[in-house]
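Here's the structure, in structure tokens; my notes come after.
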Protein chains: 2
Amino acid sequence: MQQRQIAFLIYPDMTPLDLIGPLQVMKNLESLGPFDVVTVGERLEPVPTDVGIAMQAERTFEQVPEPFALLIPGGLAGPIKAIANDRLMAYVRSAGRGAQVLGSVCTGSLILAAAGLLEGRSATTHWTFLDHLGRLGAVPVRKRWVEDGNVITAAGVSAGIDMAIALVARLAGNDVARTIQAIVEYDPEPPLGPIDWRWVDDAKIGPTLLESVTPALRDILSGKPELAAKLFP
Amino acid sequence: MQQRQIAFLIYPDMTPLDLIGPLQVMKNLESLGPFDVVTVGERLEPVPTDVGIAMQAERTFEQVPEPFALLIPGGLAGPIKAIANDRLMAYVRSAGRGAQVLGSVCTGSLILAAAGLLEGRSATTHWTFLDHLGRLGAVPVRKRWVEDGNVITAAGVSAGIDMAIALVARLAGNDVARTIQAIVEYDPEPPLGPIDWRWVDDAKIGPTLLESVTPALRDILSGKPELAAKLFP
């Protein structure tokens with residue numbers, strides 16, 4: 001069976017849990033099947049993340065031109081900076097068009113959509129950015145993860161773990177997915193229970209977050225005024 | 001109110017989700033209270049992890065001598081190499097003795113126990129290493145996370161997210177914990193349901209894993225024969 005290359009995109013100021021959740025799950029595929037799971041970035045040097053710690057990709061764009069799967073983490077300023085980076089977007093377009101699986105976590109789907117890869121596709125993102133995703137041509141769906149043809153997108157941050165287990169089940173079967181779930185001991189017990197969305201709405205957490213970050217995000221796109229006006233009207 | 005420093009230990013070959021899960025949760029404390037959340041390592045250079053990607057700490061041991069909280073991720077070969085590293089263990093002992101919160105994820109608790117910090121304490125670890133934890137003087141408990149006085153320990157890998165939310169609730173209250181839970185959208189939906197432990201037992205996943213790694217782990221401790229005999233009899 002042919003080796004299948006699964007590439008996770010690394011870029012500055014991303015949210016590391018968006019990446020590390022699914023990467024920790026999917027790396028196990030290497031010992032259980034014909035998979036090569038790698039991280040890919042513009043350069044082989046550490047880039048900052050939104051929690052302070054820096055991370056370094058294993059391969060450059062040139063070294064992974066045609067991955068079987070391309071998976072893109074999100075963030076807050078990070079993905080907007082990525083959208084403003086022509087070289088990164090050229091890679092997402094070329095690698096993404098040829099990929100048999102195209103995926104994202106959180107606002108990583110904004111990068112896919114800005115690259116023109118989600119036109120008319122059902123997709124999801126962090127709950128605070130569903131409208132933004134729609135403005136870029138995708139059909140936003142509020143679910144933990146969404147599958148539409150070869151596209152699989154996860155909701156915010158920690159949702160990448162659920163998405164990755166679903167993707168493993170599709171690529172390698174339920175027994176492999178169950179084995180990996182046991183290895184990463186994914187048996188969640190949120191101490192305060194699931195998210196109480198009514199409490200979240202009442203506390204105005206979404207509007208407060210968006211209000212505080214939108215001006216800075218709009219500024220990042222000052223070199224792309226059309227896109228800025230579309231995303232942050 | 002005095003600034004409280006929360007330090008996450010970084011070391012070679014650790015399991016990055018053990019670190020990034022709780023770090024992504026707890027970093028949010030900085031904007032919500034008097035907290036400084038940092039990563040600390042022996043040197044300021046990238047270290048490899050068990051999924052390939054390299055990570056770089058923000059501070060050295062010398063720069064964070066007396067953290068308010070010390071939190072230690074786990075791994076497979078990584079924590080055993082850490083136990084064999086006298087300089088790292090000296091830091092864990094000195095920073096750990098003074099810390100008001102001492103925590104771990106997965107086999108990070110083996111490092112705490114090997115440092116003599118879990119003597120007679122109830123604690124947990126990855127489900128495959130509960131016996132090993134007991135051999136180092138702790139009282140192993142099979143739970144998602146365990147609190148015993150100032151010590152809080154999580155089960156394997158992804159359990160660090162649950163533990164971190166519990167710790168945030170203790171340090172900053174339930175409303176802050178709920179807010180952060182919404183920001184990282186921790187509303188788990190494991191695609192195949194919770195772990196089916198009977199299936200895991202029948203598939204012999206634990207014994208198979210331990211059998212395949214134990215000789216290599218024992219070799220790492222060849223310079224500490226007493227400890228090797230105790231941990232891997």
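Labels used: A, B, ... for chains in the order of the structure tokens, numbers from 1 for residues in each chain, and numbers from 1 for ligands as shown.
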Output as JSON lines one row per residue of chain A within 7 Å of chain B: the closest atom pair and its distance in Å to one decimal place, counting only C-alpha atoms, sorted by chain and residue number ascending.
{"residue": "A:Pro16", "atom": "CA", "partner": "B:Ile20", "partner_atom": "CA", "distance": 6.7}
{"residue": "A:Leu17", "atom": "CA", "partner": "B:Ile20", "partner_atom": "CA", "distance": 5.8}
{"residue": "A:Ile20", "atom": "CA", "partner": "B:Leu17", "partner_atom": "CA", "distance": 5.8}
{"residue": "A:Gly21", "atom": "CA", "partner": "B:Leu17", "partner_atom": "CA", "distance": 6.2}
{"residue": "A:Gln24", "atom": "CA", "partner": "B:Val51", "partner_atom": "CA", "distance": 6.4}
{"residue": "A:Lys27", "atom": "CA", "partner": "B:Val51", "partner_atom": "CA", "distance": 6.1}
{"residue": "A:Thr39", "atom": "CA", "partner": "B:Ile53", "partner_atom": "CA", "distance": 6.7}
{"residue": "A:Val51", "atom": "CA", "partner": "B:Lys27", "partner_atom": "CA", "distance": 6.1}
{"residue": "A:Ile53", "atom": "CA", "partner": "B:Ala57", "partner_atom": "CA", "distance": 5.9}
{"residue": "A:Ala54", "atom": "CA", "partner": "B:Gln56", "partner_atom": "CA", "distance": 5.2}
{"residue": "A:Met55", "atom": "CA", "partner": "B:Met55", "partner_atom": "CA", "distance": 4.6}
{"residue": "A:Gln56", "atom": "CA", "partner": "B:Ala54", "partner_atom": "CA", "distance": 5.2}
{"residue": "A:Ala57", "atom": "CA", "partner": "B:Ile53", "partner_atom": "CA", "distance": 5.9}
{"residue": "A:Glu58", "atom": "CA", "partner": "B:Ile53", "partner_atom": "CA", "distance": 6.2}
{"residue": "A:Gly156", "atom": "CA", "partner": "B:Glu185", "partner_atom": "CA", "distance": 5.2}
{"residue": "A:Val157", "atom": "CA", "partner": "B:Val184", "partner_atom": "CA", "distance": 5.2}
{"residue": "A:Ser158", "atom": "CA", "partner": "B:Tyr186", "partner_atom": "CA", "distance": 5.6}
{"residue": "A:Ala159", "atom": "CA", "partner": "B:Pro188", "partner_atom": "CA", "distance": 7.0}
{"residue": "A:Asp162", "atom": "CA", "partner": "B:Pro190", "partner_atom": "CA", "distance": 5.3}
{"residue": "A:Ile165", "atom": "CA", "partner": "B:Pro191", "partner_atom": "CA", "distance": 6.7}
{"residue": "A:Ala166", "atom": "CA", "partner": "B:Pro191", "partner_atom": "CA", "distance": 5.8}
{"residue": "A:Gln181", "atom": "CA", "partner": "B:Ile195", "partner_atom": "CA", "distance": 7.0}
{"residue": "A:Ala182", "atom": "CA", "partner": "B:Ile195", "partner_atom": "CA", "distance": 6.4}
{"residue": "A:Val184", "atom": "CA", "partner": "B:Val157", "partner_atom": "CA", "distance": 5.2}
{"residue": "A:Glu185", "atom": "CA", "partner": "B:Gly156", "partner_atom": "CA", "distance": 5.2}
{"residue": "A:Tyr186", "atom": "CA", "partner": "B:Ser158", "partner_atom": "CA", "distance": 5.6}
{"residue": "A:Asp187", "atom": "CA", "partner": "B:Pro194", "partner_atom": "CA", "distance": 5.2}
{"residue": "A:Pro188", "atom": "CA", "partner": "B:Pro188", "partner_atom": "CA", "distance": 6.7}
{"residue": "A:Glu189", "atom": "CA", "partner": "B:Asp162", "partner_atom": "CA", "distance": 6.3}
{"residue": "A:Pro190", "atom": "CA", "partner": "B:Asp162", "partner_atom": "CA", "distance": 5.3}
{"residue": "A:Pro191", "atom": "CA", "partner": "B:Ala166", "partner_atom": "CA", "distance": 5.8}
{"residue": "A:Pro194", "atom": "CA", "partner": "B:Asp187", "partner_atom": "CA", "distance": 5.2}
{"residue": "A:Ile195", "atom": "CA", "partner": "B:Asp187", "partner_atom": "CA", "distance": 5.7}
Please return the superposed copy of chain B as an mmCIF file with C-alpha atoms, in the first residue's frame; the fit should be least squares onto chain A across all sequentially paired Cα atoms.
data_model
loop_
_atom_site.group_PDB
_atom_site.id
_atom_site.type_symbol
_atom_site.label_atom_id
_atom_site.label_comp_id
_atom_site.auth_asym_id
_atom_site.auth_seq_id
_atom_site.Cartn_x
_atom_site.Cartn_y
_atom_site.Cartn_z
ATOM 1 C CA MET B 1 -0.015 -0.003 0.012
ATOM 2 C CA GLN B 2 1.254 3.472 -0.870
ATOM 3 C CA GLN B 3 2.501 5.785 1.916
ATOM 4 C CA ARG B 4 -0.014 8.522 2.688
ATOM 5 C CA GLN B 5 1.413 11.846 3.829
ATOM 6 C CA ILE B 6 -0.633 13.789 6.399
ATOM 7 C CA ALA B 7 0.650 17.364 6.696
ATOM 8 C CA PHE B 8 -0.185 19.773 9.515
ATOM 9 C CA LEU B 9 0.439 23.444 8.725
ATOM 10 C CA ILE B 10 2.527 25.463 11.219
ATOM 11 C CA TYR B 11 2.474 29.283 11.152
ATOM 12 C CA PRO B 12 3.197 32.149 13.571
ATOM 13 C CA ASP B 13 0.711 32.970 16.350
ATOM 14 C CA MET B 14 -1.436 29.906 15.847
ATOM 15 C CA THR B 15 -3.298 28.297 18.758
ATOM 16 C CA PRO B 16 -1.159 25.263 19.603
ATOM 17 C CA LEU B 17 -3.956 23.055 20.957
ATOM 18 C CA ASP B 18 -5.632 23.306 17.504
ATOM 19 C CA LEU B 19 -2.543 21.584 16.134
ATOM 20 C CA ILE B 20 -1.366 19.344 18.945
ATOM 21 C CA GLY B 21 -4.771 17.747 19.697
ATOM 22 C CA PRO B 22 -5.195 16.151 16.248
ATOM 23 C CA LEU B 23 -1.432 15.688 15.722
ATOM 24 C CA GLN B 24 -1.122 13.660 18.941
ATOM 25 C CA VAL B 25 -4.024 11.479 17.799
ATOM 26 C CA MET B 26 -2.954 11.051 14.168
ATOM 27 C CA LYS B 27 0.776 10.500 14.782
ATOM 28 C CA ASN B 28 -0.207 7.068 16.106
ATOM 29 C CA LEU B 29 -1.297 6.152 12.554
ATOM 30 C CA GLU B 30 2.391 5.778 11.626
ATOM 31 C CA SER B 31 2.806 2.629 13.711
ATOM 32 C CA LEU B 32 -0.590 1.272 12.695
ATOM 33 C CA GLY B 33 -0.691 1.836 8.937
ATOM 34 C CA PRO B 34 1.020 3.264 5.838
ATOM 35 C CA PHE B 35 1.023 6.873 7.024
ATOM 36 C CA ASP B 36 3.652 9.610 7.319
ATOM 37 C CA VAL B 37 2.484 12.391 9.649
ATOM 38 C CA VAL B 38 4.505 15.620 9.394
ATOM 39 C CA THR B 39 4.403 19.306 10.295
ATOM 40 C CA VAL B 40 5.110 21.790 7.518
ATOM 41 C CA GLY B 41 5.958 25.482 7.643
ATOM 42 C CA GLU B 42 7.416 28.302 5.591
ATOM 43 C CA ARG B 43 10.805 27.916 7.301
ATOM 44 C CA LEU B 44 12.518 25.445 9.623
ATOM 45 C CA GLU B 45 12.748 27.760 12.597
ATOM 46 C CA PRO B 46 10.665 28.158 15.756
ATOM 47 C CA VAL B 47 7.546 30.323 15.383
ATOM 48 C CA PRO B 48 5.714 31.881 18.341
ATOM 49 C CA THR B 49 2.263 30.602 19.317
ATOM 50 C CA ASP B 50 -0.549 32.346 21.171
ATOM 51 C CA VAL B 51 0.434 30.703 24.493
ATOM 52 C CA GLY B 52 4.065 31.843 24.422
ATOM 53 C CA ILE B 53 5.850 28.603 23.648
ATOM 54 C CA ALA B 54 7.497 28.400 20.209
ATOM 55 C CA MET B 55 7.157 25.484 17.792
ATOM 56 C CA GLN B 56 9.271 24.381 14.874
ATOM 57 C CA ALA B 57 7.990 22.586 11.770
ATOM 58 C CA GLU B 58 9.817 19.483 10.514
ATOM 59 C CA ARG B 59 9.484 20.247 6.777
ATOM 60 C CA THR B 60 9.216 23.228 4.458
ATOM 61 C CA PHE B 61 6.441 23.822 1.918
ATOM 62 C CA GLU B 62 8.853 22.732 -0.855
ATOM 63 C CA GLN B 63 9.478 19.412 0.903
ATOM 64 C CA VAL B 64 5.768 18.517 1.090
ATOM 65 C CA PRO B 65 4.311 19.683 -2.234
ATOM 66 C CA GLU B 66 1.539 17.107 -2.598
ATOM 67 C CA PRO B 67 0.316 15.744 0.740
ATOM 68 C CA PHE B 68 -2.453 13.173 0.874
ATOM 69 C CA ALA B 69 -4.064 15.282 3.640
ATOM 70 C CA LEU B 70 -3.587 18.944 4.563
ATOM 71 C CA LEU B 71 -4.792 19.976 8.048
ATOM 72 C CA ILE B 72 -4.793 23.586 9.220
ATOM 73 C CA PRO B 73 -4.955 24.809 12.835
ATOM 74 C CA GLY B 74 -6.469 28.168 13.767
ATOM 75 C CA GLY B 75 -5.935 30.986 16.200
ATOM 76 C CA LEU B 76 -6.916 34.617 16.596
ATOM 77 C CA ALA B 77 -4.354 36.963 15.010
ATOM 78 C CA GLY B 78 -2.446 33.970 13.585
ATOM 79 C CA PRO B 79 -4.825 32.845 10.829
ATOM 80 C CA ILE B 80 -5.524 36.435 9.757
ATOM 81 C CA LYS B 81 -1.761 37.007 9.399
ATOM 82 C CA ALA B 82 -1.629 33.719 7.470
ATOM 83 C CA ILE B 83 -4.323 34.988 5.086
ATOM 84 C CA ALA B 84 -2.200 38.117 4.526
ATOM 85 C CA ASN B 85 0.859 35.956 3.708
ATOM 86 C CA ASP B 86 0.859 35.341 -0.059
ATOM 87 C CA ARG B 87 3.506 32.612 0.051
ATOM 88 C CA LEU B 88 1.609 30.640 2.684
ATOM 89 C CA MET B 89 -1.677 31.042 0.817
ATOM 90 C CA ALA B 90 -0.073 29.875 -2.452
ATOM 91 C CA TYR B 91 1.012 26.705 -0.630
ATOM 92 C CA VAL B 92 -2.436 26.160 0.891
ATOM 93 C CA ARG B 93 -4.005 26.525 -2.571
ATOM 94 C CA SER B 94 -1.645 24.199 -4.409
ATOM 95 C CA ALA B 95 -1.321 21.544 -1.683
ATOM 96 C CA GLY B 96 -5.006 21.872 -0.790
ATOM 97 C CA ARG B 97 -6.300 21.433 -4.364
ATOM 98 C CA GLY B 98 -4.451 18.158 -4.759
ATOM 99 C CA ALA B 99 -5.178 16.777 -1.289
ATOM 100 C CA GLN B 100 -7.590 13.897 -0.861
ATOM 101 C CA VAL B 101 -8.393 15.149 2.641
ATOM 102 C CA LEU B 102 -8.607 18.825 3.477
ATOM 103 C CA GLY B 103 -9.169 19.714 7.112
ATOM 104 C CA SER B 104 -9.054 22.465 9.704
ATOM 105 C CA VAL B 105 -9.510 23.141 13.385
ATOM 106 C CA CYS B 106 -11.110 26.293 14.782
ATOM 107 C CA THR B 107 -10.443 29.382 12.605
ATOM 108 C CA GLY B 108 -8.125 27.322 10.386
ATOM 109 C CA SER B 109 -11.227 27.045 8.181
ATOM 110 C CA LEU B 110 -11.004 30.808 7.507
ATOM 111 C CA ILE B 111 -7.633 30.133 5.847
ATOM 112 C CA LEU B 112 -9.135 27.360 3.709
ATOM 113 C CA ALA B 113 -12.082 29.601 2.799
ATOM 114 C CA ALA B 114 -9.861 32.610 1.998
ATOM 115 C CA ALA B 115 -7.867 30.299 -0.298
ATOM 116 C CA GLY B 116 -11.091 29.620 -2.219
ATOM 117 C CA LEU B 117 -11.227 25.984 -1.125
ATOM 118 C CA LEU B 118 -14.570 26.046 0.738
ATOM 119 C CA GLU B 119 -16.831 27.690 -1.861
ATOM 120 C CA GLY B 120 -20.361 26.387 -1.192
ATOM 121 C CA ARG B 121 -19.029 23.739 1.201
ATOM 122 C CA SER B 122 -20.549 23.014 4.599
ATOM 123 C CA ALA B 123 -17.907 23.755 7.235
ATOM 124 C CA THR B 124 -17.455 24.886 10.814
ATOM 125 C CA THR B 125 -15.119 26.971 12.967
ATOM 126 C CA HIS B 126 -14.854 28.455 16.473
ATOM 127 C CA TRP B 127 -18.399 29.435 17.532
ATOM 128 C CA THR B 128 -17.487 33.150 17.570
ATOM 129 C CA PHE B 129 -16.386 33.111 13.890
ATOM 130 C CA LEU B 130 -19.236 31.258 12.148
ATOM 131 C CA ASP B 131 -20.479 34.473 10.468
ATOM 132 C CA HIS B 132 -16.959 35.279 9.252
ATOM 133 C CA LEU B 133 -16.722 31.816 7.682
ATOM 134 C CA GLY B 134 -19.966 32.444 5.804
ATOM 135 C CA ARG B 135 -18.661 35.780 4.503
ATOM 136 C CA LEU B 136 -15.824 33.868 2.809
ATOM 137 C CA GLY B 137 -18.173 31.634 0.799
ATOM 138 C CA ALA B 138 -18.541 28.544 2.999
ATOM 139 C CA VAL B 139 -21.863 27.346 4.414
ATOM 140 C CA PRO B 140 -21.329 27.604 8.184
ATOM 141 C CA VAL B 141 -22.704 24.783 10.324
ATOM 142 C CA ARG B 142 -22.603 24.805 14.127
ATOM 143 C CA LYS B 143 -21.421 21.296 14.925
ATOM 144 C CA ARG B 144 -18.444 19.703 16.741
ATOM 145 C CA TRP B 145 -17.054 18.708 13.331
ATOM 146 C CA VAL B 146 -18.457 18.778 9.808
ATOM 147 C CA GLU B 147 -17.670 16.461 6.887
ATOM 148 C CA ASP B 148 -18.502 17.552 3.315
ATOM 149 C CA GLY B 149 -16.903 15.355 0.656
ATOM 150 C CA ASN B 150 -13.139 15.494 1.130
ATOM 151 C CA VAL B 151 -13.405 18.426 3.572
ATOM 152 C CA ILE B 152 -13.498 17.919 7.348
ATOM 153 C CA THR B 153 -13.585 20.933 9.664
ATOM 154 C CA ALA B 154 -13.710 21.129 13.462
ATOM 155 C CA ALA B 155 -15.210 23.667 15.851
ATOM 156 C CA GLY B 156 -12.982 25.625 18.260
ATOM 157 C CA VAL B 157 -9.608 24.556 19.665
ATOM 158 C CA SER B 158 -10.276 21.288 21.567
ATOM 159 C CA ALA B 159 -12.730 20.066 18.872
ATOM 160 C CA GLY B 160 -9.735 19.002 16.790
ATOM 161 C CA ILE B 161 -9.359 15.934 19.012
ATOM 162 C CA ASP B 162 -12.884 14.709 18.206
ATOM 163 C CA MET B 163 -12.382 15.478 14.512
ATOM 164 C CA ALA B 164 -9.086 13.596 14.421
ATOM 165 C CA ILE B 165 -10.621 10.477 15.939
ATOM 166 C CA ALA B 166 -13.435 10.642 13.353
ATOM 167 C CA LEU B 167 -10.851 11.024 10.585
ATOM 168 C CA VAL B 168 -8.763 8.104 11.876
ATOM 169 C CA ALA B 169 -11.905 5.958 11.933
ATOM 170 C CA ARG B 170 -12.545 6.883 8.286
ATOM 171 C CA LEU B 171 -8.935 6.298 7.146
ATOM 172 C CA ALA B 172 -8.043 3.233 9.220
ATOM 173 C CA GLY B 173 -11.238 1.851 10.750
ATOM 174 C CA ASN B 174 -12.958 1.937 14.121
ATOM 175 C CA ASP B 175 -10.594 -0.476 15.883
ATOM 176 C CA VAL B 176 -7.572 1.704 15.120
ATOM 177 C CA ALA B 177 -9.529 4.769 16.260
ATOM 178 C CA ARG B 178 -10.506 3.021 19.510
ATOM 179 C CA THR B 179 -6.908 1.933 20.111
ATOM 180 C CA ILE B 180 -5.602 5.467 19.655
ATOM 181 C CA GLN B 181 -8.390 6.868 21.847
ATOM 182 C CA ALA B 182 -7.198 4.548 24.646
ATOM 183 C CA ILE B 183 -3.530 5.509 24.113
ATOM 184 C CA VAL B 184 -4.296 9.241 24.440
ATOM 185 C CA GLU B 185 -6.837 8.333 27.167
ATOM 186 C CA TYR B 186 -9.548 10.489 25.615
ATOM 187 C CA ASP B 187 -12.354 9.826 28.062
ATOM 188 C CA PRO B 188 -13.434 13.394 28.807
ATOM 189 C CA GLU B 189 -14.927 14.487 32.130
ATOM 190 C CA PRO B 190 -15.257 18.280 31.996
ATOM 191 C CA PRO B 191 -15.244 19.199 35.711
ATOM 192 C CA LEU B 192 -18.127 21.670 35.347
ATOM 193 C CA GLY B 193 -19.982 19.561 32.773
ATOM 194 C CA PRO B 194 -20.469 20.364 29.088
ATOM 195 C CA ILE B 195 -20.504 24.021 28.021
ATOM 196 C CA ASP B 196 -23.660 25.784 29.230
ATOM 197 C CA TRP B 197 -24.353 27.858 26.114
ATOM 198 C CA ARG B 198 -27.120 29.842 27.780
ATOM 199 C CA TRP B 199 -24.669 30.944 30.470
ATOM 200 C CA VAL B 200 -22.122 31.805 27.750
ATOM 201 C CA ASP B 201 -24.730 33.894 25.894
ATOM 202 C CA ASP B 202 -25.845 35.670 29.072
ATOM 203 C CA ALA B 203 -22.223 36.452 29.979
ATOM 204 C CA LYS B 204 -21.738 37.961 26.475
ATOM 205 C CA ILE B 205 -18.415 36.140 26.085
ATOM 206 C CA GLY B 206 -18.607 36.029 22.272
ATOM 207 C CA PRO B 207 -19.475 39.707 21.638
ATOM 208 C CA THR B 208 -16.903 40.832 24.244
ATOM 209 C CA LEU B 209 -14.168 38.756 22.597
ATOM 210 C CA LEU B 210 -15.004 39.911 19.067
ATOM 211 C CA GLU B 211 -15.260 43.555 20.102
ATOM 212 C CA SER B 212 -11.829 43.441 21.721
ATOM 213 C CA VAL B 213 -10.011 41.776 18.801
ATOM 214 C CA THR B 214 -11.764 42.927 15.609
ATOM 215 C CA PRO B 215 -9.945 46.271 15.139
ATOM 216 C CA ALA B 216 -6.546 44.546 15.406
ATOM 217 C CA LEU B 217 -7.599 41.756 13.052
ATOM 218 C CA ARG B 218 -8.887 44.296 10.508
ATOM 219 C CA ASP B 219 -5.540 46.135 10.707
ATOM 220 C CA ILE B 220 -3.630 42.955 9.863
ATOM 221 C CA LEU B 221 -5.486 42.892 6.533
ATOM 222 C CA SER B 222 -4.756 46.555 5.709
ATOM 223 C CA GLY B 223 -2.828 45.408 2.611
ATOM 224 C CA LYS B 224 -5.907 43.514 1.388
ATOM 225 C CA PRO B 225 -8.729 46.063 1.767
ATOM 226 C CA GLU B 226 -11.329 44.052 -0.172
ATOM 227 C CA LEU B 227 -10.838 41.007 2.018
ATOM 228 C CA ALA B 228 -10.772 43.161 5.174
ATOM 229 C CA ALA B 229 -14.114 44.760 4.225
ATOM 230 C CA LYS B 230 -15.630 41.368 3.511
ATOM 231 C CA LEU B 231 -14.432 39.673 6.724
ATOM 232 C CA PHE B 232 -14.817 42.608 9.129
ATOM 233 C CA PRO B 233 -17.560 44.838 7.698
#
### Residues of stretch 57-165 of chain A in strand (DSSP E), written as a PyMOL selection string
chain A and resi 59-60+69-72+101-105+122-123+139-140+145-148+151-154
